[in-house]
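Engineer: So that we are looking at the same thing, I have put the structure below in structure tokens.
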Amino acid sequence: MLTSQLFDIKNKVVVVTGASGFIGSEISCSLAEVGCKVTLLFNNNSPSEEIITRLSKSNSDFEIFKCDVTNDEDIISCKDKILDKFGTIDALINCAGGNHPDATTGSENSFFNIPADAFEWVIKLNLMGSIRPCQIFGKEFAKNKKGNILNISSMAAIRPLTKIPAYSSSKAAINSFTKWLSVHMAKEYSKDIRVNAIAPGFFLSKQNKFLLINEKTGKYTERGNSIIENTPMKKFGNPKELVSTVIWLLSDHSNFITGVIVPVDGGFDAFGGV
């Protein structure tokens with residue numbers, strides 16, 4: 001019977017990496033607001049006062065730890081602290097990721113001049129920054145024969161975008177890894193360990209807002225116009241519009257779903273341009 005109880009994820013213990021970022025912070029706060037016990041892992045920028053206020057008002061248990069998701073000692077230390085606090089871990093959401101300005105192309109930066117270390121930095125953060133948490137937290141899921149992993153992919157993984165070769169490559173690898181890990185965990189450990197990913201479309205953040213909207217005129221930039229023209233819903237996304245998909249994939253209502261990459265993109269992936 002389809003009831004709201006199928007989507008009830010109250011009291012699930014959820015770990016979110018990159019939790020001070022644009023997507024990670026919204027997911028973390030929203031999960032706390034529906035009753036999850038959330039642990040926010042961050043590295044460079046600690047969660048803002050706004051995030052702390054939302055978490056506090058949720059009346060849910062939460063913890064915040066500094067953690068470099070490419071550093072095993074950091075991840076293991078956080079895992080142990082979370083287990084000490086909550087006794088178990090139900091889900092891992094890998095939101096940590098990003099790009100490097102030196103790993104992009106443009107009028108002043110040819111693809112042939114991208115430094116290897118900049119490209120490798122992006123690959124390490126986006127790919128290994130998800131793989132290592134999956135290994136360390138996933139070992140707990142394997143031991144308990146139950147768990148849920150949700151990776152954050154990108155439209156750049158599905159339809160490689162101009163200017164960001166390293167980012168597109170690393171997110172495409174996330175898609176492949178998500179599918180591989182879903183099979184491995186289900187076949188080798190338990191049918192109750194699921195691994196999926198969400199591929200967000202284009203969302204306006206503090207980092208990209210003025211790349212897509214002219215700060216002076218308020219009109220779309222050339223790149224912003226290109227995105228809107230190729231998004232059938234003719235709008236940018238709001239991070240809140242990712243939350244329902246996250247809740248669905250964490251809930252019992254998606255128990256037969258593993259190894260999928262779900263676009264949340266206003267139709268961008270479906271549109272062929274004609």
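Chain labels follow the order of the structure tokens: the first chain is A, the next B, and so on; residue numbering restarts at 1 in every chain, and ligands are counted from 1 in their shown order.
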Quick one: residues within 10 Å of Ile75 in chain A, only C-alpha atoms counted, chain neighbours fewer than 6 positions away excluded, as a list of chain:residue names?
Structural biologist: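 Everything that qualifies: A:Thr17, A:Leu41, A:Phe65, A:Lys66, A:Cys67, A:Asp68, A:Val69, A:Lys81, A:Arg132, A:Pro133, A:Ile136, A:Phe137.
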Engineer: Those same residues, written as a PDB file, in the first residue's frame with C-alpha atoms?
Structural biologist:
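Now in result_30.pdb:
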```pdb
ATOM      1  CA  THR A  17      30.445  14.876   2.704  1.00  0.00           C
ATOM      2  CA  LEU A  41      31.647  16.578   6.913  1.00  0.00           C
ATOM      3  CA  PHE A  65      33.345  17.293  11.613  1.00  0.00           C
ATOM      4  CA  LYS A  66      36.210  18.614   9.534  1.00  0.00           C
ATOM      5  CA  CYS A  67      37.261  15.949   7.075  1.00  0.00           C
ATOM      6  CA  ASP A  68      39.442  15.787   3.983  1.00  0.00           C
ATOM      7  CA  VAL A  69      37.666  13.132   1.906  1.00  0.00           C
ATOM      8  CA  LYS A  81      33.243   9.358  16.010  1.00  0.00           C
ATOM      9  CA  ARG A 132      37.559   6.504  -0.390  1.00  0.00           C
ATOM     10  CA  PRO A 133      34.454   7.313   1.700  1.00  0.00           C
ATOM     11  CA  ILE A 136      35.634   3.184   4.473  1.00  0.00           C
ATOM     12  CA  PHE A 137      31.936   3.683   5.240  1.00  0.00           C
TER      13      PHE A 137
END
```
Engineer: Using only C-alpha atoms, which residues sit within 6 Å of range 188-199 of chain A once same-chain residues fewer than 5 positions away are excluded, as a VMD selection string?
Structural biologist: chain A and resid 142 145 to 155 182 258 to 263
Engineer: Create the file for the chosen residues now, containing N, CA and C atoms and written as a tab-separated table (two decimals), in the first residue's frame.
Structural biologist:
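Once written, result_16.tsv looks like this:
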```
chain	number	residue	atom	x	y	z
A	142	ALA	N	28.86	-3.34	4.58
A	142	ALA	CA	29.09	-4.76	4.27
A	142	ALA	C	29.01	-5.61	5.54
A	145	LYS	N	25.39	-5.78	6.54
A	145	LYS	CA	24.52	-6.31	5.49
A	145	LYS	C	23.39	-5.35	5.11
A	146	LYS	N	23.64	-4.06	5.31
A	146	LYS	CA	22.62	-3.07	4.98
A	146	LYS	C	23.26	-1.70	4.88
A	147	GLY	N	22.81	-0.89	3.93
A	147	GLY	CA	23.33	0.46	3.81
A	147	GLY	C	22.88	1.10	2.50
A	148	ASN	N	23.15	2.39	2.41
A	148	ASN	CA	22.69	3.14	1.24
A	148	ASN	C	23.74	4.19	0.90
A	149	ILE	N	24.22	4.17	-0.33
A	149	ILE	CA	25.21	5.14	-0.80
A	149	ILE	C	24.60	5.94	-1.93
A	150	LEU	N	24.75	7.25	-1.84
A	150	LEU	CA	24.24	8.14	-2.88
A	150	LEU	C	25.37	9.07	-3.31
A	151	ASN	N	25.79	8.94	-4.55
A	151	ASN	CA	26.83	9.80	-5.10
A	151	ASN	C	26.19	10.98	-5.85
A	152	ILE	N	26.94	12.06	-5.94
A	152	ILE	CA	26.47	13.21	-6.71
A	152	ILE	C	27.26	13.29	-8.01
A	153	SER	N	26.55	13.06	-9.09
A	153	SER	CA	27.13	13.13	-10.43
A	153	SER	C	26.90	14.54	-10.98
A	154	SER	N	26.68	14.65	-12.27
A	154	SER	CA	26.51	15.97	-12.91
A	154	SER	C	26.02	15.78	-14.33
A	155	MET	N	25.36	16.81	-14.86
A	155	MET	CA	25.04	16.80	-16.28
A	155	MET	C	26.31	16.69	-17.13
A	182	SER	N	27.35	-0.71	-7.18
A	182	SER	CA	26.01	-1.22	-6.88
A	182	SER	C	25.95	-2.73	-7.09
A	258	THR	N	18.79	0.19	-7.57
A	258	THR	CA	20.22	0.34	-7.33
A	258	THR	C	20.94	0.45	-8.68
A	259	GLY	N	22.05	1.17	-8.68
A	259	GLY	CA	22.85	1.29	-9.90
A	259	GLY	C	22.31	2.29	-10.90
A	260	VAL	N	21.46	3.22	-10.47
A	260	VAL	CA	20.90	4.19	-11.41
A	260	VAL	C	21.49	5.58	-11.17
A	261	ILE	N	21.51	6.37	-12.22
A	261	ILE	CA	21.89	7.78	-12.13
A	261	ILE	C	20.65	8.58	-12.51
A	262	VAL	N	20.11	9.31	-11.57
A	262	VAL	CA	18.84	10.01	-11.76
A	262	VAL	C	19.10	11.47	-12.13
A	263	PRO	N	18.74	11.91	-13.34
A	263	PRO	CA	18.89	13.32	-13.69
A	263	PRO	C	17.82	14.16	-12.98
```
Engineer: Excluding Glu241 in chain A and its own-chain neighbours fewer than 3 positions away, which residues fall within 12 Å of it when counting only C-alpha atoms? Please give them as a list in words.
Structural biologist: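 Returned residues: Ile23, Glu26, Ile27, Ser30, Ile198, Pro200, Gly201, Phe202, Phe203, Phe236, Gly237, Asn238, Ser244, Thr245, Val246, Ile247, Pro263, Val264, Asp265 and Gly266 of chain A.
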Engineer: Between A:Ala32, A:Ala156, A:Ile93, A:Ile76, which is the closest to Ala173 in chain A once you count only C-alpha atoms?
Structural biologist: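 For Ala173 in chain A, the nearest of the given residues is A:Ala156.
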Engineer: Skip range 157-159 of chain A itself and residues of its chain fewer than 3 positions away, then list as a ChimeraX atom specification all residues within 6 Å of it, counting only C-alpha atoms.
Structural biologist: /A:154,168,171-172
Engineer: Selection from above, C-alpha atoms, as a PDB file, in the first residue's frame, can you write it?
Structural biologist:
```
ATOM      1  CA  SER A 154      26.513  15.969 -12.906  1.00  0.00           C
ATOM      2  CA  SER A 168      33.381  16.211 -16.951  1.00  0.00           C
ATOM      3  CA  LYS A 171      31.945  12.961 -13.000  1.00  0.00           C
ATOM      4  CA  ALA A 172      31.632  10.478 -15.879  1.00  0.00           C
TER       5      ALA A 172
END
```
Engineer: Near Lys12 in chain A, within 12 Å and counting only C-alpha atoms, which residues show up once chain neighbours fewer than 4 positions away are dropped, as a PyMOL selection string?
Structural biologist: chain A and resi 7-8+31-32+34-39+60-62+86-92+147-148+247+250-252
Engineer: For the residues selected in the previous step, produce a file with C-alpha atoms as a PDB file, in the first residue's frame.
Structural biologist:
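Wrote result.pdb, looks like this:
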```pdb
ATOM      1  CA  PHE A   7       8.969   7.855   2.438  1.00  0.00           C
ATOM      2  CA  ASP A   8       9.585   8.149   6.179  1.00  0.00           C
ATOM      3  CA  LEU A  31      17.336  15.718   5.956  1.00  0.00           C
ATOM      4  CA  ALA A  32      17.628  17.049   9.497  1.00  0.00           C
ATOM      5  CA  VAL A  34      12.583  15.492   8.156  1.00  0.00           C
ATOM      6  CA  GLY A  35      14.073  13.822  11.226  1.00  0.00           C
ATOM      7  CA  CYS A  36      17.356  12.251  10.105  1.00  0.00           C
ATOM      8  CA  LYS A  37      20.391  12.220  12.348  1.00  0.00           C
ATOM      9  CA  VAL A  38      22.874  13.970  10.105  1.00  0.00           C
ATOM     10  CA  THR A  39      26.653  14.235  10.270  1.00  0.00           C
ATOM     11  CA  SER A  60      17.281  16.563  15.117  1.00  0.00           C
ATOM     12  CA  ASP A  61      20.625  15.272  16.332  1.00  0.00           C
ATOM     13  CA  PHE A  62      23.504  16.426  14.181  1.00  0.00           C
ATOM     14  CA  PHE A  86      24.954   7.173  16.941  1.00  0.00           C
ATOM     15  CA  GLY A  87      25.906   3.500  17.109  1.00  0.00           C
ATOM     16  CA  THR A  88      25.301   2.885  13.421  1.00  0.00           C
ATOM     17  CA  ILE A  89      25.372   4.512   9.969  1.00  0.00           C
ATOM     18  CA  ASP A  90      22.502   4.035   7.526  1.00  0.00           C
ATOM     19  CA  ALA A  91      23.544   6.126   4.553  1.00  0.00           C
ATOM     20  CA  LEU A  92      26.444   7.987   2.954  1.00  0.00           C
ATOM     21  CA  GLY A 147      23.331   0.460   3.806  1.00  0.00           C
ATOM     22  CA  ASN A 148      22.688   3.144   1.244  1.00  0.00           C
ATOM     23  CA  ILE A 247      14.513  11.291   0.243  1.00  0.00           C
ATOM     24  CA  LEU A 250      17.023   6.893   0.949  1.00  0.00           C
ATOM     25  CA  SER A 251      13.534   5.594   1.683  1.00  0.00           C
ATOM     26  CA  ASP A 252      12.076   2.087   1.642  1.00  0.00           C
TER      27      ASP A 252
END
```
Engineer: Pull the strand (DSSP E) assignments for range 121-177 of chain A out of DSSP run on the backbone, and list those residues as a PyMOL selection string.
Structural biologist: chain A and resi 147-152
Engineer: Keeping only N, CA and C atoms, write the selected residues as a PDB file, in the first residue's frame.
Structural biologist:
```pdb
ATOM      1  N   GLY A 147      22.810  -0.894   3.929  1.00  0.00           N
ATOM      2  CA  GLY A 147      23.331   0.460   3.806  1.00  0.00           C
ATOM      3  C   GLY A 147      22.884   1.104   2.505  1.00  0.00           C
ATOM      4  N   ASN A 148      23.152   2.389   2.405  1.00  0.00           N
ATOM      5  CA  ASN A 148      22.688   3.144   1.244  1.00  0.00           C
ATOM      6  C   ASN A 148      23.743   4.193   0.900  1.00  0.00           C
ATOM      7  N   ILE A 149      24.219   4.165  -0.331  1.00  0.00           N
ATOM      8  CA  ILE A 149      25.209   5.135  -0.796  1.00  0.00           C
ATOM      9  C   ILE A 149      24.599   5.940  -1.931  1.00  0.00           C
ATOM     10  N   LEU A 150      24.748   7.247  -1.835  1.00  0.00           N
ATOM     11  CA  LEU A 150      24.244   8.139  -2.876  1.00  0.00           C
ATOM     12  C   LEU A 150      25.372   9.073  -3.307  1.00  0.00           C
ATOM     13  N   ASN A 151      25.786   8.936  -4.554  1.00  0.00           N
ATOM     14  CA  ASN A 151      26.826   9.799  -5.100  1.00  0.00           C
ATOM     15  C   ASN A 151      26.191  10.978  -5.847  1.00  0.00           C
ATOM     16  N   ILE A 152      26.941  12.061  -5.944  1.00  0.00           N
ATOM     17  CA  ILE A 152      26.469  13.211  -6.708  1.00  0.00           C
ATOM     18  C   ILE A 152      27.256  13.286  -8.013  1.00  0.00           C
TER      19      ILE A 152
END
```
Engineer: Going by DSSP on the backbone, which residues of range 9-236 of chain A come out as helix (DSSP H, G or I)? List them as a PDB file with C-alpha atoms, in the first residue's frame.
Structural biologist:
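In the end it all went to part33.pdb:
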```pdb
ATOM      1  CA  PHE A  22      25.820  24.586  -2.164  1.00  0.00           C
ATOM      2  CA  ILE A  23      24.191  21.179  -2.651  1.00  0.00           C
ATOM      3  CA  GLY A  24      25.553  19.414   0.427  1.00  0.00           C
ATOM      4  CA  SER A  25      24.279  22.049   2.855  1.00  0.00           C
ATOM      5  CA  GLU A  26      20.730  22.002   1.457  1.00  0.00           C
ATOM      6  CA  ILE A  27      20.616  18.211   1.557  1.00  0.00           C
ATOM      7  CA  SER A  28      22.000  18.127   5.108  1.00  0.00           C
ATOM      8  CA  CYS A  29      19.561  20.712   6.471  1.00  0.00           C
ATOM      9  CA  SER A  30      16.567  19.216   4.680  1.00  0.00           C
ATOM     10  CA  LEU A  31      17.336  15.718   5.956  1.00  0.00           C
ATOM     11  CA  ALA A  32      17.628  17.049   9.497  1.00  0.00           C
ATOM     12  CA  GLU A  33      14.281  18.792   9.033  1.00  0.00           C
ATOM     13  CA  GLU A  49      25.674  30.426  10.656  1.00  0.00           C
ATOM     14  CA  GLU A  50      22.603  30.047   8.446  1.00  0.00           C
ATOM     15  CA  ILE A  51      23.240  26.304   8.127  1.00  0.00           C
ATOM     16  CA  ILE A  52      23.836  25.914  11.875  1.00  0.00           C
ATOM     17  CA  THR A  53      20.623  27.807  12.606  1.00  0.00           C
ATOM     18  CA  ARG A  54      18.582  25.572  10.291  1.00  0.00           C
ATOM     19  CA  LEU A  55      20.062  22.450  11.828  1.00  0.00           C
ATOM     20  CA  SER A  56      19.398  23.679  15.351  1.00  0.00           C
ATOM     21  CA  LYS A  57      15.788  24.542  14.550  1.00  0.00           C
ATOM     22  CA  SER A  58      15.226  21.049  13.112  1.00  0.00           C
ATOM     23  CA  ASP A  72      42.016   8.039   4.900  1.00  0.00           C
ATOM     24  CA  GLU A  73      42.949   8.998   8.449  1.00  0.00           C
ATOM     25  CA  ASP A  74      40.421  11.829   8.434  1.00  0.00           C
ATOM     26  CA  ILE A  75      37.642   9.624   7.085  1.00  0.00           C
ATOM     27  CA  ILE A  76      38.323   6.773   9.528  1.00  0.00           C
ATOM     28  CA  SER A  77      38.468   9.177  12.462  1.00  0.00           C
ATOM     29  CA  CYS A  78      35.097  10.681  11.479  1.00  0.00           C
ATOM     30  CA  LYS A  79      33.555   7.249  10.963  1.00  0.00           C
ATOM     31  CA  ASP A  80      34.634   6.170  14.445  1.00  0.00           C
ATOM     32  CA  LYS A  81      33.243   9.358  16.010  1.00  0.00           C
ATOM     33  CA  ILE A  82      29.921   8.886  14.229  1.00  0.00           C
ATOM     34  CA  LEU A  83      29.647   5.287  15.398  1.00  0.00           C
ATOM     35  CA  ASP A  84      30.487   6.360  18.957  1.00  0.00           C
ATOM     36  CA  LYS A  85      27.732   8.983  18.794  1.00  0.00           C
ATOM     37  CA  PHE A  86      24.954   7.173  16.941  1.00  0.00           C
ATOM     38  CA  PRO A 101      40.294  27.210 -12.535  1.00  0.00           C
ATOM     39  CA  ASP A 102      43.544  25.937 -14.036  1.00  0.00           C
ATOM     40  CA  ALA A 103      41.730  22.816 -15.282  1.00  0.00           C
ATOM     41  CA  PHE A 111      43.442  22.510 -23.388  1.00  0.00           C
ATOM     42  CA  PHE A 112      47.043  21.747 -24.374  1.00  0.00           C
ATOM     43  CA  ASN A 113      48.321  24.001 -21.600  1.00  0.00           C
ATOM     44  CA  ALA A 116      48.750  17.867 -15.128  1.00  0.00           C
ATOM     45  CA  ASP A 117      48.560  18.700 -11.430  1.00  0.00           C
ATOM     46  CA  ALA A 118      45.410  20.809 -11.930  1.00  0.00           C
ATOM     47  CA  PHE A 119      43.709  18.011 -13.888  1.00  0.00           C
ATOM     48  CA  GLU A 120      44.792  15.468 -11.283  1.00  0.00           C
ATOM     49  CA  TRP A 121      43.513  17.711  -8.459  1.00  0.00           C
ATOM     50  CA  VAL A 122      40.010  17.655  -9.944  1.00  0.00           C
ATOM     51  CA  ILE A 123      40.096  13.894 -10.526  1.00  0.00           C
ATOM     52  CA  LYS A 124      41.332  13.276  -6.982  1.00  0.00           C
ATOM     53  CA  LEU A 125      38.672  15.434  -5.345  1.00  0.00           C
ATOM     54  CA  ASN A 126      35.682  14.333  -7.409  1.00  0.00           C
ATOM     55  CA  LEU A 127      36.509  10.665  -7.983  1.00  0.00           C
ATOM     56  CA  MET A 128      38.790   9.557  -5.158  1.00  0.00           C
ATOM     57  CA  GLY A 129      36.922  11.900  -2.804  1.00  0.00           C
ATOM     58  CA  SER A 130      33.904   9.650  -3.347  1.00  0.00           C
ATOM     59  CA  ILE A 131      35.681   6.306  -3.698  1.00  0.00           C
ATOM     60  CA  ARG A 132      37.559   6.504  -0.390  1.00  0.00           C
ATOM     61  CA  PRO A 133      34.454   7.313   1.700  1.00  0.00           C
ATOM     62  CA  CYS A 134      32.632   4.505  -0.143  1.00  0.00           C
ATOM     63  CA  GLN A 135      35.394   2.093   0.849  1.00  0.00           C
ATOM     64  CA  ILE A 136      35.634   3.184   4.473  1.00  0.00           C
ATOM     65  CA  PHE A 137      31.936   3.683   5.240  1.00  0.00           C
ATOM     66  CA  GLY A 138      30.944   0.927   2.825  1.00  0.00           C
ATOM     67  CA  LYS A 139      32.916  -1.565   4.902  1.00  0.00           C
ATOM     68  CA  GLU A 140      30.469  -0.872   7.747  1.00  0.00           C
ATOM     69  CA  PHE A 141      27.540  -1.470   5.396  1.00  0.00           C
ATOM     70  CA  ALA A 142      29.093  -4.755   4.272  1.00  0.00           C
ATOM     71  CA  LYS A 143      29.525  -5.823   7.888  1.00  0.00           C
ATOM     72  CA  ASN A 144      25.933  -4.911   8.756  1.00  0.00           C
ATOM     73  CA  MET A 155      25.040  16.803 -16.283  1.00  0.00           C
ATOM     74  CA  ALA A 156      28.691  17.126 -17.299  1.00  0.00           C
ATOM     75  CA  ALA A 157      28.980  13.359 -16.889  1.00  0.00           C
ATOM     76  CA  ILE A 158      26.092  12.647 -19.245  1.00  0.00           C
ATOM     77  CA  PRO A 165      37.357  18.587 -19.356  1.00  0.00           C
ATOM     78  CA  ALA A 166      38.662  17.461 -15.959  1.00  0.00           C
ATOM     79  CA  TYR A 167      35.357  17.966 -14.188  1.00  0.00           C
ATOM     80  CA  SER A 168      33.381  16.211 -16.951  1.00  0.00           C
ATOM     81  CA  SER A 169      35.804  13.281 -16.966  1.00  0.00           C
ATOM     82  CA  SER A 170      35.742  12.868 -13.193  1.00  0.00           C
ATOM     83  CA  LYS A 171      31.945  12.961 -13.000  1.00  0.00           C
ATOM     84  CA  ALA A 172      31.632  10.478 -15.879  1.00  0.00           C
ATOM     85  CA  ALA A 173      33.866   8.212 -13.809  1.00  0.00           C
ATOM     86  CA  ILE A 174      31.470   8.656 -10.871  1.00  0.00           C
ATOM     87  CA  ASN A 175      28.635   7.288 -13.028  1.00  0.00           C
ATOM     88  CA  SER A 176      30.646   4.219 -13.976  1.00  0.00           C
ATOM     89  CA  PHE A 177      31.857   3.685 -10.418  1.00  0.00           C
ATOM     90  CA  THR A 178      28.313   4.004  -9.038  1.00  0.00           C
ATOM     91  CA  LYS A 179      27.068   1.253 -11.338  1.00  0.00           C
ATOM     92  CA  TRP A 180      30.056  -0.963 -10.620  1.00  0.00           C
ATOM     93  CA  LEU A 181      29.761  -0.562  -6.854  1.00  0.00           C
ATOM     94  CA  SER A 182      26.012  -1.223  -6.878  1.00  0.00           C
ATOM     95  CA  VAL A 183      26.598  -4.632  -8.464  1.00  0.00           C
ATOM     96  CA  HIS A 184      29.572  -5.444  -6.249  1.00  0.00           C
ATOM     97  CA  MET A 185      27.824  -4.632  -2.974  1.00  0.00           C
ATOM     98  CA  ALA A 186      24.585  -6.440  -3.878  1.00  0.00           C
ATOM     99  CA  LYS A 187      26.265  -9.580  -5.213  1.00  0.00           C
ATOM    100  CA  GLU A 188      29.132  -9.866  -2.738  1.00  0.00           C
ATOM    101  CA  LYS A 209      25.629  33.024 -10.492  1.00  0.00           C
ATOM    102  CA  PHE A 210      27.519  35.781 -12.296  1.00  0.00           C
ATOM    103  CA  LEU A 211      28.870  33.370 -14.891  1.00  0.00           C
ATOM    104  CA  LEU A 212      25.265  32.749 -15.903  1.00  0.00           C
ATOM    105  CA  GLU A 222      25.914  33.903 -23.327  1.00  0.00           C
ATOM    106  CA  ARG A 223      26.538  30.686 -21.367  1.00  0.00           C
ATOM    107  CA  GLY A 224      23.414  31.238 -19.283  1.00  0.00           C
ATOM    108  CA  ASN A 225      21.323  31.688 -22.417  1.00  0.00           C
ATOM    109  CA  SER A 226      22.784  28.533 -23.929  1.00  0.00           C
ATOM    110  CA  ILE A 227      21.785  26.516 -20.847  1.00  0.00           C
ATOM    111  CA  ILE A 228      18.257  27.921 -20.741  1.00  0.00           C
ATOM    112  CA  GLU A 229      17.757  27.308 -24.469  1.00  0.00           C
TER     113      GLU A 229
END
```
Engineer: Quick one: distance from CA of Ile64 in chain A to CA of Ser48 in chain A in Å, one decimal?
Structural biologist: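 Computing the Euclidean distance for CA of Ile64 in chain A and CA of Ser48 in chain A yields 11.6 Å.
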Engineer: CA of Pro47 in chain A to CA of Gly218 in chain A: how many Å, to one decimal?
Structural biologist: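 Computing it gives 28.5 Å between the two atoms.
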Engineer: What is the distance, in Å and to one decimal place, between CA of Pro160 in chain A and CA of Asp269 in chain A?
Structural biologist: 10.8 Å
Engineer: Smallest atom-to-atom distance to Asn43 in chain A: which of A:Leu6, A:Leu161, A:Ala96, A:Val16, using only C-alpha atoms?
Structural biologist: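 Checking each of A:Leu6, A:Leu161, A:Ala96, A:Val16 against Asn43 in chain A, counting only C-alpha atoms, the winner is A:Ala96.
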